[in-house]
file model-v6.txt (compact mmCIF, C-alpha atoms)
# COMPACT_ATOMS: atom_id res chain seq x y z
CA MET Y 649 0.00 0.00 0.00
CA PRO Y 650 1.88 3.10 -1.18
CA LEU Y 651 1.49 6.15 1.06
CA VAL Y 652 2.48 9.51 -0.40
CA GLN Y 653 2.70 12.40 2.06
CA ILE Y 654 2.80 15.94 0.74
CA THR Y 655 3.67 18.82 3.03
CA MET Y 656 2.93 22.24 1.60
CA LEU Y 657 1.86 25.70 2.58
CA THR Y 658 -1.85 26.26 3.12
CA GLY Y 659 -3.83 27.91 0.38
CA ARG Y 660 -4.38 25.24 -2.28
CA THR Y 661 -7.97 24.67 -3.30
CA ALA Y 662 -9.75 21.33 -3.01
CA ASP Y 663 -9.73 21.15 -6.81
CA GLN Y 664 -5.94 21.59 -6.94
CA LYS Y 665 -5.46 18.83 -4.34
CA ARG Y 666 -7.93 16.60 -6.17
CA LYS Y 667 -5.93 16.97 -9.40
CA LEU Y 668 -2.63 16.36 -7.60
CA ALA Y 669 -3.97 13.22 -5.93
CA LYS Y 670 -5.20 11.87 -9.27
CA ARG Y 671 -1.92 12.52 -11.10
CA ILE Y 672 0.19 11.05 -8.30
CA THR Y 673 -2.08 8.00 -8.14
CA ASP Y 674 -1.98 7.59 -11.92
CA ALA Y 675 1.83 7.72 -11.88
CA LEU Y 676 2.07 5.02 -9.20
CA VAL Y 677 -0.35 2.80 -11.08
CA GLU Y 678 1.45 3.26 -14.40
CA GLU Y 679 5.08 3.27 -13.26
CA ALA Y 680 5.06 1.09 -10.13
CA GLY Y 681 2.21 -1.28 -10.88
CA ALA Y 682 0.41 -0.29 -7.68
CA ARG Y 683 -3.29 -1.01 -7.28
CA ARG Y 684 -5.24 2.25 -7.53
CA GLU Y 685 -7.48 1.44 -4.53
CA ALA Y 686 -4.42 0.78 -2.33
CA ILE Y 687 -2.75 4.17 -2.90
CA ILE Y 688 -3.09 6.83 -0.22
CA VAL Y 689 -2.18 10.47 -0.77
CA ALA Y 690 -2.11 12.59 2.40
CA PHE Y 691 -1.86 16.38 2.32
CA HIS Y 692 -0.30 18.09 5.33
CA GLU Y 693 -0.79 21.82 5.18
CA VAL Y 694 1.27 24.19 7.30
CA SER Y 695 1.10 27.93 7.80
CA LYS Y 696 3.87 30.28 6.64
CA GLU Y 697 4.76 30.75 10.31
CA SER Y 698 5.31 26.99 10.71
CA TYR Y 699 7.43 26.38 7.62
CA ALA Y 700 11.04 27.42 7.06
CA SER Y 701 13.33 27.20 4.05
CA GLY Y 702 17.01 28.05 4.14
CA GLY Y 703 16.75 28.83 7.85
CA GLU Y 704 14.12 31.52 7.30
CA LEU Y 705 10.41 31.33 8.00
CA MET Y 706 8.31 31.55 4.89
CA ALA Y 707 6.36 34.33 6.62
CA ASP Y 708 9.56 36.41 6.70
CA LYS Y 709 10.61 35.84 3.10
CA GLY Y 710 10.17 38.82 0.81
CA LYS Y 711 10.00 41.34 3.66
call {"tool": "encode", "arguments": {"input": "model-v6.txt", "output": "structure tokens"}}
result
Amino acid sequence: MPLVQITMLTGRTADQKRKLAKRITDALVEEAGARREAIIVAFHEVSKESYASGGELMADKGK
């Protein structure tokens, strides 16, 4: 049972996540031979204050 976990900043729409889940699932079915019904895609959304890149909070980038 493949489990794909995606951590990203909040703000994506349900439609965007729906499309991502479908494309990721399709890729695992086509390239890894996984069974579609066994694939889990989990979205973990974090705020800009809870996510850092390069040692800097995303909330502080661009200030």
call {"tool": "residues_around", "arguments": {"input": "model-v6.txt", "residues": "Thr655 (chain Y)", "least_positions_apart": "3", "cutoff": "9 Å", "atoms": "all atoms listed in the file", "output": "PyMOL selection string"}}
result
chain Y and resi 690-694
call {"tool": "closest_residue", "arguments": {"input": "model-v6.txt", "among": "Y:Ala682, Y:Val689, Y:Leu705, Y:Ala700", "to": "Ile654 (chain Y)", "atoms": "only C-alpha atoms"}}
result
Y:Val689
call {"tool": "closest_residue", "arguments": {"input": "model-v6.txt", "among": "Y:Gly703, Y:Pro650, Y:Gly659, Y:Gly710", "to": "Arg683 (chain Y)", "atoms": "all atoms listed in the file"}}
result
Y:Pro650
call {"tool": "closest_residue", "arguments": {"input": "model-v6.txt", "among": "Y:Lys670, Y:Ser698, Y:Met656, Y:Asp663", "to": "Glu685 (chain Y)", "atoms": "only C-alpha atoms"}}
result
Y:Lys670
call {"tool": "atom_distance", "arguments": {"input": "model-v6.txt", "atom1": "CA of Ile672 (chain Y)", "atom2": "CA of Arg660 (chain Y)"}}
result
16.1 Å
call {"tool": "atom_distance", "arguments": {"input": "model-v6.txt", "atom1": "CA of Thr658 (chain Y)", "atom2": "CA of Glu704 (chain Y)"}}
result
17.3 Å
call {"tool": "atom_distance", "arguments": {"input": "model-v6.txt", "atom1": "CA of Ser701 (chain Y)", "atom2": "CA of Leu657 (chain Y)"}}
result
11.7 Å
call {"tool": "residues_near_point", "arguments": {"input": "model-v6.txt", "point": "(-2.1, 6.9, 1.2)", "cutoff": "8 Å", "atoms": "all atoms listed in the file", "output": "list in words"}}
result
Met649, Pro650, Leu651, Val652, Gln653, Ala686, Ile687, Ile688, Val689 and Ala690 of chain Y
call {"tool": "axis_aligned_box", "arguments": {"input": "model-v6.txt", "around": "region 678-695 of chain Y", "padding_each_side": "8 Å", "output": "lines of an AutoDock Vina configuration file"}}
result
center_x = -1.2
center_y = 13.3
center_z = -3.3
size_x = 28.6
size_y = 45.2
size_z = 38.2
